[in-house]
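Peer 1: Dropping a structure here in structure tokens format, bear with me for questions.
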Amino acid sequence: MSPNITRSSLLIAISIASVTVTVWAFLNRPETEPPWPKRIQGFSYSPYRANQDAMKDELPSEAQIDEDLALLHDKTHAVRTYTVEGTLGAVPRLARKHGLNVALGAWIDHRLERNDEEIKHLIEIAEKNRRSVVRVFVGNEVQLRGEISIAKQIEYLDRVRAALDVRVSTAEPWHVWLRHPELAEHVDFIAVHLLPYWEGVPVESGVDYVIDKVKRLKEAFPDKPIVISEVGWPSQGRTREGAVASVSNQATFLRRFLELAEQEKYVYYVMEAFDQPWKMQIEGAVGAYWGVYNAERKPKFEFTAPIVDIPEWPALAAASVLIGLITLGILFIDSRALSSHGRGFLALVAYAVAGAAVWVAYDFTRQYLSLGMIVVGTLLFIGMIGVIVVLLAEAHEWAETTWVSARRRPFHPVPVVDSELPMVSVHVPAYNEPPEMMIETLDALDRLEYPNYEVIVIDNNTKDPAVWQPVKAHCEKLGARFRFFHEDNLAGFKAGALNYALARTDPAAEVVAVIDSDYLVRPRWLRDLVPQFRRKETAIVQAPQDYRDDGENAFKAMCYSEYRGFFYIGMVTRNDRNAIIQHGTMTMVRRSVLEEVGAWAEWCITEDAELGLRVFQAGHEAVYFAKSYGQGLMPDTFIDFKKQRFRWAYGAMQILRQHWKSLVGLGRTDLSLGQRYHFFAGWLPWLADGFNLFFNLAAIAWTVGMVLAPKTVDPPLLIFSLLPLILFGFKIAKILYLYRTTVDATLRQTLAAALAGLSLSHTISLAILTGLVTRSLPFFRTPKRAQNLAILRALGTVREELLLMVALFLGAFGMWIRNDAGTPDVALWTAVLLVQAIPYVASLIVALISAFPSLPAAWVGPMGVLDASRLQRGGAA
């Protein structure tokens, strides 16, 4: 790398790092709020520790309660309790020792016999602790939960009021009091819960909310004192409309409220003293995070200093910069042709994903984690890393396609006189192909403007003589240059046929060329490309696959648009590092190298790509020229389109499993780092499709849980929902940009290519997952001139996609009809479900289009001939 490039890279890295730190600093600006009083009036107090569960009757010891009260004694005047069960009945006695008052609570629910015992115990404890018990609460949100009737509630209140001299009430949200004013006749004060978070009130309006509700209650019950029995804000949890749960918002709301309470002489109990992780079971994740102190009894925010959203932000910013630098350093490896625009683009992406990863890790580790949450969180985090890796690979290809000064290995014609050209043996494997199509292929080969070549046609396993005999007769008609072989029981599929032809190749042939049986080659194919073998390092010369039937109908026009991206974007950038994917038509191989590496692999259903990898492993080079020298036929139906892509993706898995050691650098290999990168990066989107199926199944299951148990199953963290949406949007933006600028596609053609590509996602996922657990499958031949499917049969080819599409749509509908559908996390998760359904919708659309071969190709539009010289120069149009 030149000094200028090094300086440019360093300057870009430092500049974007500075922007990263600035963003962290901007988002964490200190906010000055009223200071926390030395002692507040009261805390709501549940004494459970992080490893204790009230639902399982795992109670704290008296010693633990005593520790809590000792901690609180100089910070509050009183505590409010919720039950007198077990050791919790000792709170008044222990509080008296620390000079604390107690608002004693009895837990009331639908268990009437237990209620009687609870009330009896409450009265006994209150009588014994008259000096510390100043108020009594008979039930907490009993009417809100609908546990007992109003009449029964009144009966309990009257019983306790008759037995005790202290003030008695029951605690309910403000609207319950207004809905049931008859309760007020049986209490000594109105005990109200004012928790603006639950009603989606933004923190900026939280104190105004309190003022308004207190005013309404005073107007409704002018003769009753108002006690705010719960007031608070959570530090972690879901966003509810405008209410964001965060440590800074908790500190902001409480410090503002306490100033107001002092001014207005409110009587209140802050919700609550300590975080209670067990409450996640009944209130969702947010239930654990209402404490001013965490479950380890440490304060969660500053009481007097300015409030910072993330106090640890300098360390997080430093981690983001460090991870971004490492990521950028990897992306900048071997990037000498990348312009400053490309480096800047990659720097922005690298620092952005680094910051996101750091923030997710930080946020996740601040939660109270059960074993199940750790497992789920770990899986989500691994998935996030996978999404980031795919995004970085997509960004790298985008940059190297668009912002390069020049292509590193441009095609240079080699002048060679006819007498010095090597002999070429052209191999045409065929199985059960239409004879009229084969005859067209052979006639095109007969028109080659090349002085010294032979054509070997090998028909393997075609049973009907009426199919292969006309081809044999035509070879005889064309003369001695054309040789025809037919075998009824030839093993090894296409690779077996090619090895059969290789064994019968003229000994004088130095180059083996392969075309599919449907290709019409251009006369200059061999003459223009074979001279590349003058360089001894060259072992493969490849031209792109191309097709001539894109004008037949809309389906084929869509397929044609989709194919172009690989051959005129991916293959061009791969060629820069001598890492192309060899494909089994329009390809040439040096015969000596083909025999040296062991010929075609009959165990692999993508024998062409596998051979190319072995050639690279042996230290040889390939030449790719992005100019069409022949055109074949595309699949006629969507099911054939799917079978073809299944074969390609399954073959990729076969190659990865067979050659993984050399691809990761463990085995003996001459593969360069760039070659290993491109093979992994090229197959990475397919691997992502494979694991995306697991994500979709898990998303459907999670959504079912959110619909059936909305109080206990929360939507995923926002960032985990954002990442798949960001990746999808990034890939669509990349396709739109590169197709328009590099492939010279119109907007309609670009959208058609995207739709066709998305329609294959499920097929690819099945191929990848099948390839993980199996080693071989039958070779899928792509039929040519097949009959189009009727509409019902076409729908049958996408039945799995339809099921997943319906499941995702139903899940999105279930999210949409929830009461909290407008909250950011539910809305975002709904968007995730809809976006994940898009590939299945695409499959349905493409299947239907393929069922109507009369739909005109003009709906998509004809693709123009690309300027190969511009592709060689690099950059966008």
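As shown in the structure tokens, the chain order sets the letters A, B, ...; within each chain, residues go from 1, and ligands are also counted from 1 in the order they appear.
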Got a sec: who's within 12 Å of A:Leu322, counting only C-alpha atoms, leaving out chain neighbours fewer than 4 positions off, as a list in words?
Peer 2: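 Listed by chain and then number, they are Ala13, Ile14, Ile16, Ala17, Ser18, Thr20, Val21, Ala315, Leu316, Ala317, Ala318, Ile326, Thr327, Leu328, Gly329, Ala350, Tyr351, Ala354, Gly355 and Val358 of chain A.
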Peer 1: So that I can see what lies close to A:Gly861, please list as a tab-separated table (two decimals) with all heavy atoms, in the first residue's frame the residues with an atom at most 10 Å from it, counting only C-alpha atoms and leaving out residues fewer than 4 positions away in the same chain.
Peer 2:
chain	number	residue	atom	x	y	z
A	550	ASP	N	-34.72	-14.07	-22.90
A	550	ASP	CA	-35.29	-13.14	-21.91
A	550	ASP	C	-36.47	-12.37	-22.48
A	550	ASP	O	-37.25	-11.78	-21.72
A	550	ASP	CB	-34.23	-12.15	-21.43
A	550	ASP	CG	-33.60	-11.36	-22.56
A	550	ASP	OD1	-33.05	-12.01	-23.47
A	550	ASP	OD2	-33.66	-10.12	-22.54
A	551	GLY	N	-36.61	-12.35	-23.79
A	551	GLY	CA	-37.73	-11.64	-24.40
A	551	GLY	C	-38.98	-12.47	-24.54
A	551	GLY	O	-40.00	-11.97	-25.03
A	554	ALA	N	-42.50	-12.38	-19.19
A	554	ALA	CA	-42.11	-11.60	-18.02
A	554	ALA	C	-41.28	-12.42	-17.03
A	554	ALA	O	-40.33	-11.90	-16.43
A	554	ALA	CB	-43.35	-11.05	-17.31
A	557	ALA	N	-37.74	-12.64	-18.24
A	557	ALA	CA	-37.11	-11.32	-18.15
A	557	ALA	C	-36.68	-11.03	-16.72
A	557	ALA	O	-35.62	-10.44	-16.47
A	557	ALA	CB	-38.08	-10.25	-18.65
A	558	MET	N	-37.50	-11.46	-15.75
A	558	MET	CA	-37.13	-11.29	-14.34
A	558	MET	C	-35.90	-12.13	-14.00
A	558	MET	O	-34.97	-11.65	-13.33
A	558	MET	CB	-38.30	-11.71	-13.44
A	558	MET	CG	-39.52	-10.82	-13.54
A	558	MET	SD	-40.90	-11.43	-12.54
A	558	MET	CE	-40.28	-11.11	-10.90
A	561	SER	N	-32.76	-10.58	-15.39
A	561	SER	CA	-32.30	-9.44	-14.61
A	561	SER	C	-31.57	-9.91	-13.36
A	561	SER	O	-30.54	-9.33	-12.96
A	561	SER	CB	-33.49	-8.56	-14.21
A	561	SER	OG	-34.12	-8.02	-15.35
A	745	ALA	N	-29.36	-1.17	-15.46
A	745	ALA	CA	-30.75	-1.61	-15.41
A	745	ALA	C	-31.66	-0.44	-15.13
A	745	ALA	O	-31.30	0.51	-14.44
A	745	ALA	CB	-30.92	-2.67	-14.32
A	746	THR	N	-32.88	-0.53	-15.66
A	746	THR	CA	-33.90	0.45	-15.32
A	746	THR	C	-34.43	0.12	-13.92
A	746	THR	O	-34.13	-0.92	-13.34
A	746	THR	CB	-35.05	0.40	-16.32
A	746	THR	OG1	-35.71	-0.88	-16.21
A	746	THR	CG2	-34.54	0.58	-17.74
A	747	LEU	N	-35.25	1.01	-13.40
A	747	LEU	CA	-35.83	0.76	-12.08
A	747	LEU	C	-36.70	-0.49	-12.11
A	747	LEU	O	-36.66	-1.30	-11.17
A	747	LEU	CB	-36.66	1.97	-11.63
A	747	LEU	CG	-37.32	1.85	-10.25
A	747	LEU	CD1	-36.27	1.63	-9.16
A	747	LEU	CD2	-38.15	3.09	-9.95
A	748	ARG	N	-37.48	-0.68	-13.17
A	748	ARG	CA	-38.33	-1.87	-13.27
A	748	ARG	C	-37.48	-3.14	-13.30
A	748	ARG	O	-37.81	-4.14	-12.66
A	748	ARG	CB	-39.20	-1.80	-14.52
A	748	ARG	CG	-40.49	-1.02	-14.33
A	748	ARG	CD	-41.39	-1.17	-15.53
A	748	ARG	NE	-40.77	-0.65	-16.74
A	748	ARG	CZ	-41.24	-0.86	-17.98
A	748	ARG	NH1	-42.31	-1.60	-18.16
A	748	ARG	NH2	-40.63	-0.34	-19.03
A	749	GLN	N	-36.41	-3.11	-14.07
A	749	GLN	CA	-35.54	-4.28	-14.15
A	749	GLN	C	-34.86	-4.56	-12.80
A	749	GLN	O	-34.70	-5.72	-12.40
A	749	GLN	CB	-34.50	-4.07	-15.24
A	749	GLN	CG	-35.08	-4.08	-16.64
A	749	GLN	CD	-34.14	-3.46	-17.67
A	749	GLN	OE1	-33.18	-2.77	-17.31
A	749	GLN	NE2	-34.42	-3.69	-18.94
A	752	ALA	N	-37.42	-6.07	-10.58
A	752	ALA	CA	-37.68	-7.44	-11.03
A	752	ALA	C	-36.56	-8.37	-10.57
A	752	ALA	O	-36.81	-9.49	-10.13
A	752	ALA	CB	-37.80	-7.48	-12.56
A	856	PRO	N	-46.13	-10.40	-21.11
A	856	PRO	CA	-45.04	-9.93	-21.98
A	856	PRO	C	-43.78	-9.54	-21.19
A	856	PRO	O	-43.85	-9.00	-20.09
A	856	PRO	CB	-45.65	-8.70	-22.67
A	856	PRO	CG	-46.71	-8.23	-21.73
A	856	PRO	CD	-47.26	-9.47	-21.07
A	857	ALA	N	-42.65	-9.79	-21.81
A	857	ALA	CA	-41.36	-9.40	-21.22
A	857	ALA	C	-41.24	-7.89	-21.13
A	857	ALA	O	-40.45	-7.37	-20.34
A	857	ALA	CB	-40.21	-9.97	-22.05
Peer 1: Considering only C-alpha atoms, state which residue in the set A:Ala497, A:Ala430, A:Tyr82, A:Ala220 is at the smallest distance from A:Lys472.
Peer 2: A:Ala430
Peer 1: Pick the closest to A:Lys298 from A:Leu71, A:Leu183, A:Ala395, A:Val390: which is it, counting only C-alpha atoms?
Peer 2: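 Looking at the shortest contact to A:Lys298, the residue is A:Leu71.
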Peer 1: DSSP on the backbone: what in stretch 375-548 of chain A comes out strand (DSSP E), as JSON, numbers by chain?
Peer 2: {"A": [423, 424, 425, 426, 427, 428, 429, 430, 453, 454, 455, 456, 457, 458, 459, 460, 482, 483, 484, 485, 486, 487, 509, 510, 511, 512, 513, 514, 520, 521, 538, 539, 540, 541, 542]}
Peer 1: Write out as a list in words each polymer residue whose atoms come within 10 Å of A:Leu833, counting only C-alpha atoms; drop sequence neighbours fewer than 6 positions from it.
Peer 2: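 Counting only the stated atoms, we get Asn696, Ala699, Ile700, Thr703, Ser721, Leu725, Met805, Ala807, Leu808, Phe809, Leu810, Gly811, Ala812, Phe813 and Met815 of chain A.
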Peer 1: Compare A:Lys279, A:Arg80, A:His620, A:Arg131 by their minimum atom-to-atom distance to A:Ser229, counting only C-alpha atoms, and give me the closest one.
Peer 2: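 Between A:Lys279, A:Arg80, A:His620, A:Arg131, the residue approaching A:Ser229 most closely is A:Arg80.
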Peer 1: Have a look at A:Trp859, A:Tyr453, A:Trp600, A:Trp278 and name the one nearest to A:Ala503; count only C-alpha atoms.
Peer 2: A:Trp600
Peer 1: Apply DSSP to the structure's backbone, then extract all residues of stretch 169-301 of chain A labelled helix (DSSP H, G or I) and return them as a PyMOL selection string.
Peer 2: chain A and resi 174-179+181-186+196-199+203-220+247-264+277-283+285-288
Peer 1: Record the distance separating atom CA of A:Gln367 and atom CA of A:Thr22, expressed in Å with one decimal.
Peer 2: 26.7 Å
Peer 1: Got a sec: who's within 10 Å of A:Val203, counting only C-alpha atoms, leaving out chain neighbours fewer than 3 positions off, as a ChimeraX atom specification?
Peer 2: /A:196-197,200,206-209,233,242-245,248-250,252-254
Peer 1: Write out as a PyMOL selection string which residues come within 9 Å of stretch 169-175 of chain A when counting only C-alpha atoms, dropping same-chain ones fewer than 3 positions away.
Peer 2: chain A and resi 105+135-144+153+157+161+178-180+183-184+186-195+213-214+216-217+228-230
Peer 1: Hey, what's within 10 Å of A:Asn51 if we count only C-alpha atoms and toss same-chain stuff fewer than 5 positions away? As JSON, numbers by chain, please?
Peer 2: {"A": [58, 60, 276, 277, 278, 295, 370]}
Peer 1: Got time to write the residues from that selection, N, CA and C atoms, as a short mmCIF file (atom, residue, chain, number, x, y, z; two decimals), in the first residue's frame?
Peer 2:
data_model
loop_
_atom_site.label_atom_id
_atom_site.label_comp_id
_atom_site.auth_asym_id
_atom_site.auth_seq_id
_atom_site.Cartn_x
_atom_site.Cartn_y
_atom_site.Cartn_z
N GLU A 58 -40.12 -17.87 48.22
CA GLU A 58 -38.72 -17.78 48.67
C GLU A 58 -38.53 -16.43 49.34
N PRO A 60 -37.04 -13.49 52.07
CA PRO A 60 -35.77 -13.04 52.65
C PRO A 60 -35.75 -13.34 54.15
N GLN A 276 -36.68 -5.55 41.89
CA GLN A 276 -37.25 -6.85 42.24
C GLN A 276 -37.30 -7.73 40.98
N PRO A 277 -36.22 -8.45 40.68
CA PRO A 277 -36.19 -9.25 39.45
C PRO A 277 -37.32 -10.26 39.31
N TRP A 278 -37.84 -10.78 40.41
CA TRP A 278 -38.91 -11.78 40.33
C TRP A 278 -40.18 -11.22 39.66
N ALA A 295 -30.71 -4.56 42.64
CA ALA A 295 -30.91 -5.73 43.51
C ALA A 295 -29.72 -5.99 44.40
N SER A 370 -31.76 -14.47 33.85
CA SER A 370 -31.97 -15.86 34.23
C SER A 370 -31.22 -16.74 33.24
#
Peer 1: When you look at A:Leu722 with a cut-off of 12 Å (counting only C-alpha atoms), what residues show up, excluding the ones that are within fewer than 2 positions of it in the same chain? I need them as JSON, numbers by chain.
Peer 2: {"A": [353, 356, 360, 384, 387, 388, 716, 717, 718, 719, 720, 724, 725, 726, 727, 728, 729, 730, 824, 825, 826, 827, 828, 829, 830, 831, 832, 833, 835]}
Peer 1: Using only C-alpha atoms, which of A:Asn692, A:Ser628, A:Thr763, A:Ser425 sits nearest A:Arg548?
Peer 2: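 With only C-alpha atoms as the atom set, the closest residue is A:Ser628.
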